[in-house]
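Structure below is my_file-v2.cif: mmCIF, N, CA and C atoms.
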```
data_work
loop_
_atom_site.label_atom_id
_atom_site.label_comp_id
_atom_site.auth_asym_id
_atom_site.auth_seq_id
_atom_site.Cartn_x
_atom_site.Cartn_y
_atom_site.Cartn_z
N MET A 1 11.16 89.64 -26.10
CA MET A 1 12.22 89.17 -25.25
C MET A 1 12.46 87.69 -25.56
N ALA A 2 13.67 87.35 -25.79
CA ALA A 2 14.03 85.97 -26.13
C ALA A 2 14.62 85.28 -24.90
N PHE A 3 14.19 84.07 -24.70
CA PHE A 3 14.74 83.28 -23.60
C PHE A 3 15.93 82.48 -24.10
N VAL A 4 16.92 82.37 -23.26
CA VAL A 4 18.11 81.60 -23.62
C VAL A 4 18.03 80.27 -22.87
N TYR A 5 17.83 79.23 -23.61
CA TYR A 5 17.72 77.92 -22.98
C TYR A 5 18.61 76.89 -23.64
N GLY A 6 19.44 77.28 -24.52
CA GLY A 6 20.31 76.35 -25.23
C GLY A 6 21.21 75.55 -24.31
N ALA A 7 21.80 76.20 -23.30
CA ALA A 7 22.69 75.49 -22.37
C ALA A 7 21.91 74.48 -21.53
N ALA A 8 20.72 74.87 -21.10
CA ALA A 8 19.90 73.96 -20.29
C ALA A 8 19.48 72.75 -21.10
N ILE A 9 19.07 72.97 -22.34
CA ILE A 9 18.69 71.86 -23.22
C ILE A 9 19.89 70.98 -23.49
N SER A 10 21.03 71.56 -23.66
CA SER A 10 22.26 70.80 -23.89
C SER A 10 22.57 69.91 -22.69
N ARG A 11 22.44 70.45 -21.47
CA ARG A 11 22.67 69.65 -20.25
C ARG A 11 21.63 68.54 -20.15
N LEU A 12 20.39 68.87 -20.46
CA LEU A 12 19.32 67.87 -20.44
C LEU A 12 19.62 66.74 -21.42
N ARG A 13 20.04 67.09 -22.62
CA ARG A 13 20.37 66.09 -23.64
C ARG A 13 21.50 65.19 -23.13
N GLU A 14 22.51 65.80 -22.53
CA GLU A 14 23.66 65.05 -22.01
C GLU A 14 23.22 64.07 -20.91
N GLU A 15 22.39 64.54 -19.98
CA GLU A 15 21.90 63.67 -18.91
C GLU A 15 21.02 62.56 -19.46
N THR A 16 20.22 62.88 -20.47
CA THR A 16 19.36 61.88 -21.10
C THR A 16 20.20 60.77 -21.74
N MET A 17 21.26 61.13 -22.39
CA MET A 17 22.13 60.14 -23.02
C MET A 17 22.83 59.27 -21.97
N LYS A 18 23.21 59.88 -20.86
CA LYS A 18 23.82 59.12 -19.76
C LYS A 18 22.81 58.14 -19.17
N LEU A 19 21.57 58.61 -19.00
CA LEU A 19 20.51 57.74 -18.49
C LEU A 19 20.28 56.57 -19.44
N LYS A 20 20.24 56.84 -20.72
CA LYS A 20 20.04 55.78 -21.72
C LYS A 20 21.16 54.75 -21.63
N ALA A 21 22.40 55.20 -21.52
CA ALA A 21 23.54 54.28 -21.42
C ALA A 21 23.46 53.45 -20.14
N SER A 22 23.09 54.09 -19.03
CA SER A 22 22.96 53.37 -17.77
C SER A 22 21.86 52.32 -17.85
N ARG A 23 20.74 52.69 -18.45
CA ARG A 23 19.61 51.75 -18.58
C ARG A 23 19.99 50.57 -19.47
N GLU A 24 20.70 50.83 -20.56
CA GLU A 24 21.14 49.75 -21.44
C GLU A 24 22.07 48.80 -20.70
N ALA A 25 22.96 49.34 -19.87
CA ALA A 25 23.87 48.50 -19.09
C ALA A 25 23.08 47.65 -18.09
N LEU A 26 22.07 48.26 -17.47
CA LEU A 26 21.23 47.53 -16.51
C LEU A 26 20.50 46.39 -17.20
N LEU A 27 19.88 46.67 -18.34
CA LEU A 27 19.12 45.65 -19.04
C LEU A 27 20.01 44.57 -19.65
N LYS A 28 21.25 44.92 -19.93
CA LYS A 28 22.19 43.93 -20.46
C LYS A 28 22.41 42.81 -19.43
N GLY A 29 22.34 43.14 -18.16
CA GLY A 29 22.51 42.15 -17.10
C GLY A 29 21.23 41.42 -16.73
N ALA A 30 20.12 41.74 -17.38
CA ALA A 30 18.83 41.14 -17.04
C ALA A 30 18.84 39.62 -17.18
N GLY A 31 19.44 39.12 -18.23
CA GLY A 31 19.49 37.67 -18.44
C GLY A 31 20.17 36.96 -17.29
N GLN A 32 21.24 37.55 -16.79
CA GLN A 32 21.96 36.96 -15.66
C GLN A 32 21.11 37.00 -14.39
N ILE A 33 20.34 38.07 -14.21
CA ILE A 33 19.45 38.17 -13.04
C ILE A 33 18.38 37.09 -13.12
N TYR A 34 17.78 36.89 -14.30
CA TYR A 34 16.78 35.83 -14.46
C TYR A 34 17.41 34.47 -14.13
N LEU A 35 18.58 34.21 -14.67
CA LEU A 35 19.26 32.94 -14.46
C LEU A 35 19.58 32.71 -12.99
N GLU A 36 20.23 33.67 -12.36
CA GLU A 36 20.62 33.52 -10.96
C GLU A 36 19.42 33.50 -10.03
N GLY A 37 18.42 34.32 -10.32
CA GLY A 37 17.21 34.34 -9.49
C GLY A 37 16.49 33.01 -9.53
N ASN A 38 16.32 32.46 -10.72
CA ASN A 38 15.66 31.16 -10.84
C ASN A 38 16.51 30.05 -10.24
N ARG A 39 17.81 30.14 -10.36
CA ARG A 39 18.71 29.16 -9.76
C ARG A 39 18.55 29.17 -8.23
N PHE A 40 18.50 30.35 -7.64
CA PHE A 40 18.32 30.47 -6.19
C PHE A 40 16.98 29.88 -5.76
N LEU A 41 15.90 30.23 -6.46
CA LEU A 41 14.58 29.72 -6.10
C LEU A 41 14.51 28.20 -6.27
N ASN A 42 15.15 27.66 -7.30
CA ASN A 42 15.19 26.21 -7.49
C ASN A 42 15.97 25.53 -6.38
N ALA A 43 17.07 26.15 -5.95
CA ALA A 43 17.86 25.59 -4.84
C ALA A 43 17.03 25.57 -3.57
N LEU A 44 16.30 26.65 -3.32
CA LEU A 44 15.43 26.72 -2.15
C LEU A 44 14.39 25.60 -2.20
N ALA A 45 13.76 25.43 -3.35
CA ALA A 45 12.74 24.39 -3.52
C ALA A 45 13.32 23.00 -3.35
N THR A 46 14.51 22.77 -3.87
CA THR A 46 15.14 21.45 -3.76
C THR A 46 15.42 21.10 -2.31
N VAL A 47 15.95 22.04 -1.57
CA VAL A 47 16.25 21.79 -0.15
C VAL A 47 14.97 21.54 0.62
N VAL A 48 13.94 22.35 0.39
CA VAL A 48 12.67 22.17 1.10
C VAL A 48 12.03 20.84 0.73
N SER A 49 12.21 20.38 -0.50
CA SER A 49 11.58 19.13 -0.94
C SER A 49 12.03 17.94 -0.12
N HIS A 50 13.22 18.01 0.46
CA HIS A 50 13.70 16.90 1.29
C HIS A 50 12.86 16.72 2.54
N GLY A 51 12.15 17.77 2.96
CA GLY A 51 11.25 17.66 4.10
C GLY A 51 9.91 17.05 3.73
N GLY A 52 9.62 16.99 2.44
CA GLY A 52 8.42 16.32 1.96
C GLY A 52 7.12 17.08 2.18
N GLN A 53 7.20 18.35 2.58
CA GLN A 53 5.97 19.11 2.80
C GLN A 53 6.09 20.50 2.21
N GLU A 54 4.94 21.02 1.84
CA GLU A 54 4.85 22.39 1.34
C GLU A 54 5.16 23.37 2.47
N VAL A 55 5.78 24.48 2.13
CA VAL A 55 6.09 25.52 3.11
C VAL A 55 5.73 26.87 2.51
N SER A 56 5.06 27.69 3.30
CA SER A 56 4.77 29.06 2.90
C SER A 56 5.42 30.00 3.90
N PHE A 57 5.95 31.10 3.41
CA PHE A 57 6.58 32.08 4.29
C PHE A 57 6.60 33.42 3.59
N SER A 58 6.95 34.43 4.34
CA SER A 58 7.09 35.74 3.72
C SER A 58 8.35 36.41 4.24
N TRP A 59 8.86 37.27 3.42
CA TRP A 59 9.98 38.11 3.81
C TRP A 59 9.79 39.45 3.14
N GLY A 60 9.95 40.50 3.92
CA GLY A 60 9.69 41.83 3.36
C GLY A 60 8.25 41.88 2.90
N THR A 61 8.05 42.26 1.69
CA THR A 61 6.69 42.31 1.15
C THR A 61 6.44 41.19 0.16
N MET A 62 7.30 40.18 0.18
CA MET A 62 7.15 39.05 -0.74
C MET A 62 6.59 37.85 0.01
N ALA A 63 5.60 37.22 -0.58
CA ALA A 63 5.07 35.96 -0.05
C ALA A 63 5.62 34.84 -0.92
N PHE A 64 6.07 33.77 -0.28
CA PHE A 64 6.67 32.64 -0.99
C PHE A 64 5.91 31.37 -0.64
N THR A 65 5.82 30.48 -1.61
CA THR A 65 5.27 29.14 -1.38
C THR A 65 6.18 28.15 -2.09
N VAL A 66 6.64 27.17 -1.33
CA VAL A 66 7.42 26.07 -1.91
C VAL A 66 6.51 24.86 -1.85
N ALA A 67 6.15 24.35 -3.02
CA ALA A 67 5.20 23.25 -3.09
C ALA A 67 5.49 22.38 -4.30
N LEU A 68 4.86 21.22 -4.31
CA LEU A 68 4.99 20.31 -5.43
C LEU A 68 4.33 20.95 -6.65
N GLY A 69 5.08 21.05 -7.73
CA GLY A 69 4.57 21.69 -8.95
C GLY A 69 3.89 20.70 -9.87
N ASP A 70 3.49 21.19 -11.02
CA ASP A 70 2.76 20.39 -12.01
C ASP A 70 3.55 19.19 -12.51
N LYS A 71 4.85 19.32 -12.58
CA LYS A 71 5.69 18.26 -13.15
C LYS A 71 6.26 17.33 -12.09
N GLY A 72 5.66 17.33 -10.89
CA GLY A 72 6.11 16.43 -9.84
C GLY A 72 7.39 16.85 -9.16
N LYS A 73 7.76 18.09 -9.32
CA LYS A 73 8.99 18.62 -8.75
C LYS A 73 8.62 19.84 -7.89
N TYR A 74 9.30 19.99 -6.77
CA TYR A 74 9.03 21.15 -5.92
C TYR A 74 9.48 22.43 -6.62
N VAL A 75 8.65 23.47 -6.49
CA VAL A 75 8.98 24.77 -7.06
C VAL A 75 8.73 25.84 -6.00
N CYS A 76 9.44 26.94 -6.13
CA CYS A 76 9.26 28.08 -5.23
C CYS A 76 8.62 29.20 -6.02
N LYS A 77 7.42 29.58 -5.62
CA LYS A 77 6.71 30.68 -6.27
C LYS A 77 6.72 31.88 -5.33
N TYR A 78 6.71 33.04 -5.91
CA TYR A 78 6.74 34.26 -5.11
C TYR A 78 5.66 35.21 -5.59
N ASP A 79 5.24 36.06 -4.68
CA ASP A 79 4.21 37.04 -5.00
C ASP A 79 4.51 38.32 -4.23
N PRO A 80 4.71 39.42 -4.94
CA PRO A 80 4.91 40.68 -4.22
C PRO A 80 3.57 41.15 -3.67
N THR A 81 3.45 41.22 -2.35
CA THR A 81 2.16 41.52 -1.74
C THR A 81 1.83 43.01 -1.74
N THR A 82 2.83 43.86 -1.61
CA THR A 82 2.58 45.30 -1.66
C THR A 82 3.76 45.98 -2.33
N GLY A 83 3.65 47.25 -2.47
CA GLY A 83 4.70 48.02 -3.12
C GLY A 83 5.80 48.44 -2.16
N ASP A 84 6.69 47.54 -1.81
CA ASP A 84 7.84 47.87 -0.98
C ASP A 84 8.64 48.98 -1.65
N GLY A 85 9.20 49.86 -0.86
CA GLY A 85 9.95 50.99 -1.41
C GLY A 85 11.06 50.55 -2.35
N GLU A 86 11.82 49.54 -1.94
CA GLU A 86 12.92 49.06 -2.77
C GLU A 86 12.39 48.43 -4.06
N LEU A 87 11.39 47.59 -3.93
CA LEU A 87 10.81 46.93 -5.10
C LEU A 87 10.18 47.96 -6.04
N ARG A 88 9.48 48.93 -5.47
CA ARG A 88 8.87 49.99 -6.29
C ARG A 88 9.94 50.78 -7.04
N ARG A 89 11.08 51.00 -6.37
CA ARG A 89 12.17 51.73 -7.02
C ARG A 89 12.68 50.95 -8.22
N TYR A 90 12.78 49.63 -8.08
CA TYR A 90 13.24 48.80 -9.19
C TYR A 90 12.30 48.92 -10.38
N VAL A 91 11.00 48.96 -10.08
CA VAL A 91 10.00 49.03 -11.16
C VAL A 91 9.88 50.45 -11.70
N ASP A 92 9.64 51.40 -10.80
CA ASP A 92 9.36 52.77 -11.25
C ASP A 92 10.61 53.51 -11.72
N ASP A 93 11.62 53.56 -10.88
CA ASP A 93 12.80 54.36 -11.20
C ASP A 93 13.73 53.68 -12.20
N MET A 94 13.90 52.37 -12.05
CA MET A 94 14.80 51.66 -12.95
C MET A 94 14.09 51.19 -14.21
N GLY A 95 12.76 51.18 -14.18
CA GLY A 95 11.99 50.80 -15.36
C GLY A 95 12.01 49.30 -15.65
N LEU A 96 12.21 48.49 -14.60
CA LEU A 96 12.22 47.04 -14.80
C LEU A 96 10.80 46.49 -14.78
N ASP A 97 10.58 45.39 -15.50
CA ASP A 97 9.27 44.75 -15.38
C ASP A 97 9.20 44.09 -14.00
N LEU A 98 7.99 43.79 -13.55
CA LEU A 98 7.80 43.30 -12.19
C LEU A 98 8.55 42.00 -11.92
N ARG A 99 8.57 41.10 -12.88
CA ARG A 99 9.25 39.82 -12.67
C ARG A 99 10.75 40.02 -12.45
N LEU A 100 11.37 40.82 -13.29
CA LEU A 100 12.80 41.09 -13.15
C LEU A 100 13.07 41.83 -11.84
N ALA A 101 12.21 42.78 -11.52
CA ALA A 101 12.36 43.53 -10.26
C ALA A 101 12.27 42.60 -9.06
N CYS A 102 11.32 41.66 -9.09
CA CYS A 102 11.18 40.70 -7.98
C CYS A 102 12.42 39.83 -7.84
N LEU A 103 12.93 39.33 -8.95
CA LEU A 103 14.13 38.49 -8.89
C LEU A 103 15.34 39.27 -8.39
N LEU A 104 15.47 40.51 -8.81
CA LEU A 104 16.56 41.35 -8.33
C LEU A 104 16.42 41.59 -6.83
N TYR A 105 15.21 41.85 -6.38
CA TYR A 105 14.91 42.05 -4.96
C TYR A 105 15.24 40.79 -4.16
N ILE A 106 14.82 39.64 -4.66
CA ILE A 106 15.08 38.37 -3.98
C ILE A 106 16.58 38.10 -3.89
N LEU A 107 17.29 38.28 -4.99
CA LEU A 107 18.74 38.06 -4.98
C LEU A 107 19.45 39.03 -4.05
N ASN A 108 18.98 40.26 -4.02
CA ASN A 108 19.59 41.26 -3.15
C ASN A 108 19.43 40.90 -1.68
N HIS A 109 18.40 40.10 -1.37
CA HIS A 109 18.12 39.71 0.01
C HIS A 109 18.10 38.18 0.15
N SER A 110 18.90 37.49 -0.63
CA SER A 110 18.84 36.02 -0.66
C SER A 110 19.11 35.38 0.70
N ASP A 111 20.05 35.91 1.47
CA ASP A 111 20.32 35.34 2.80
C ASP A 111 19.10 35.49 3.71
N ASP A 112 18.45 36.64 3.65
CA ASP A 112 17.26 36.87 4.47
C ASP A 112 16.10 35.98 4.02
N VAL A 113 15.95 35.81 2.72
CA VAL A 113 14.88 34.96 2.19
C VAL A 113 15.12 33.51 2.62
N ALA A 114 16.36 33.04 2.50
CA ALA A 114 16.68 31.66 2.91
C ALA A 114 16.47 31.49 4.42
N ALA A 115 16.81 32.49 5.21
CA ALA A 115 16.60 32.42 6.66
C ALA A 115 15.11 32.37 6.99
N ALA A 116 14.30 33.15 6.29
CA ALA A 116 12.85 33.13 6.51
C ALA A 116 12.27 31.77 6.14
N CYS A 117 12.79 31.18 5.08
CA CYS A 117 12.34 29.84 4.67
C CYS A 117 12.73 28.82 5.73
N ALA A 118 13.95 28.91 6.23
CA ALA A 118 14.40 27.98 7.28
C ALA A 118 13.53 28.10 8.52
N GLU A 119 13.14 29.32 8.87
CA GLU A 119 12.27 29.53 10.02
C GLU A 119 10.90 28.90 9.78
N ALA A 120 10.38 29.01 8.57
CA ALA A 120 9.09 28.39 8.24
C ALA A 120 9.19 26.87 8.31
N VAL A 121 10.30 26.31 7.85
CA VAL A 121 10.50 24.86 7.93
C VAL A 121 10.59 24.43 9.39
N ARG A 122 11.31 25.21 10.21
CA ARG A 122 11.43 24.89 11.64
C ARG A 122 10.05 24.92 12.30
N ALA A 123 9.25 25.93 12.00
CA ALA A 123 7.91 26.03 12.56
C ALA A 123 7.05 24.85 12.12
N ARG A 124 7.17 24.46 10.85
CA ARG A 124 6.42 23.30 10.36
C ARG A 124 6.85 22.03 11.09
N ARG A 125 8.17 21.87 11.30
CA ARG A 125 8.69 20.71 12.01
C ARG A 125 8.15 20.66 13.44
N GLU A 126 8.09 21.80 14.11
CA GLU A 126 7.57 21.83 15.48
C GLU A 126 6.11 21.39 15.53
N VAL A 127 5.32 21.80 14.55
CA VAL A 127 3.92 21.38 14.49
C VAL A 127 3.84 19.87 14.28
N VAL A 128 4.65 19.35 13.37
CA VAL A 128 4.66 17.90 13.12
C VAL A 128 5.11 17.15 14.38
N ASP A 129 6.13 17.67 15.06
CA ASP A 129 6.60 17.04 16.31
C ASP A 129 5.50 17.03 17.36
N GLU A 130 4.74 18.12 17.46
CA GLU A 130 3.62 18.17 18.40
C GLU A 130 2.58 17.11 18.05
N GLY A 131 2.28 16.99 16.76
CA GLY A 131 1.32 15.99 16.32
C GLY A 131 1.80 14.58 16.61
N THR A 132 3.08 14.33 16.39
CA THR A 132 3.66 13.02 16.68
C THR A 132 3.58 12.71 18.16
N ALA A 133 3.91 13.67 19.00
CA ALA A 133 3.85 13.47 20.45
C ALA A 133 2.42 13.21 20.90
N LEU A 134 1.47 13.92 20.33
CA LEU A 134 0.07 13.72 20.68
C LEU A 134 -0.39 12.32 20.28
N MET A 135 -0.02 11.89 19.08
CA MET A 135 -0.41 10.55 18.62
C MET A 135 0.21 9.47 19.51
N GLU A 136 1.47 9.65 19.87
CA GLU A 136 2.12 8.67 20.75
C GLU A 136 1.44 8.61 22.10
N ARG A 137 1.07 9.77 22.62
CA ARG A 137 0.42 9.83 23.93
C ARG A 137 -0.95 9.16 23.86
N LEU A 138 -1.66 9.35 22.78
CA LEU A 138 -3.00 8.79 22.65
C LEU A 138 -3.00 7.30 22.32
N THR A 139 -1.93 6.80 21.75
CA THR A 139 -1.90 5.39 21.36
C THR A 139 -1.14 4.52 22.34
N THR A 140 -0.62 5.10 23.39
CA THR A 140 0.10 4.26 24.38
C THR A 140 -0.65 4.18 25.67
#
```

How does the structure come out when it is put into structure tokens?
Amino acid sequence: MAFVYGAAISRLREETMKLKASREALLKGAGQIYLEGNRFLNALATVVSHGGQEVSFSWGTMAFTVALGDKGKYVCKYDPTTGDGELRRYVDDMGLDLRLACLLYILNHSDDVAAACAEAVRARREVVDEGTALMERLTT
């Protein structure tokens, strides 16, 4: 008994070629994602640097630290703490490397990331204000 699978293989081949074309289009935009992602993180670091203090915060499953870097300039570093569903999809299903997936994730949620950073700066300011008030109370 012979099995007929020519049509199924043909459909599989067609879907495989479509997947390859989609993946090539995705990777073609990778350079722009690296550029825009790093631009966003640098902008975040520049704004935070005006406060003169390091700030750590998290959003989603990403942990961020904005601190003075090796070259005397503030930098924003990120670390994916766990396998968020969206981030995992970027890595597993889209086949992106972790760095590109993280930048895509950050850009996709840039407003939320900036808001979380602003909240961390506000919390840091409140702590500094408390310290200032305590010092004033103790020295007067």

Could you list, as JSON, numbers by chain, every residue within 7 Å of segment 117-130 of chain A, counting only N, CA and C atoms and ignoring same-chain residues fewer than 2 positions away?
{"A": [55, 56, 57, 58, 112, 113, 114, 115, 132, 133, 134, 135]}

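Rounded to one decimal, atom C of Met17 of chain A and atom CA of Ile33 of chain A lie 23.2 Å from each other.
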
The PyMOL selection byres (((chain A and resi 36 and name CA) around 12) and name CA) on the file shown: which residues, as a VMD selection string?
chain A and resid 29 to 35 37 to 43 100 103 to 108 110

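Once Val75 of chain A and its same-chain neighbours fewer than 5 positions away are set aside, Leu41, Asn42, Ala45, Thr46, Thr65, Val66, Ala67, Leu68 and Gly69 of chain A remain within 6.5 Å of it when counting only N, CA and C atoms.
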
Would you list the contacts of Glu86 of chain A as an NGL selection string, taking every protein, DNA or RNA residue within 8 Å and counting all atoms listed in the file, but skipping same-chain residues closer than 5 positions in sequence?
:A and (91-92 or 101 or 105)

Which of segment 55-128 of chain A end up as alpha helix (DSSP H) when DSSP is run on this backbone - answer as a PyMOL selection string?
chain A and resi 85-88+98-108+110-128

Run DSSP on the backbone of this structure and report the residues of chain A it assigns to strand (DSSP E), as a PyMOL selection string.
chain A and resi 55-59+62-68+74-80

Can you sort out the box for segment 130-138 of chain A, edges along x, y and z, all listed atoms in, 8 Å on every side, with centre and edge lengths in Å to one decimal, as lines of an AutoDock Vina configuration file?
```
center_x = 0.9
center_y = 12.7
center_z = 20.1
size_x = 23.7
size_y = 26.9
size_z = 23.6
```

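Going from atom C of Asp111 of chain A over to atom N of Glu24 of chain A, you cover 28.8 Å.
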
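For the pair atom CA of Cys102 of chain A and atom CA of Leu87 of chain A, the interatomic distance is 6.9 Å.
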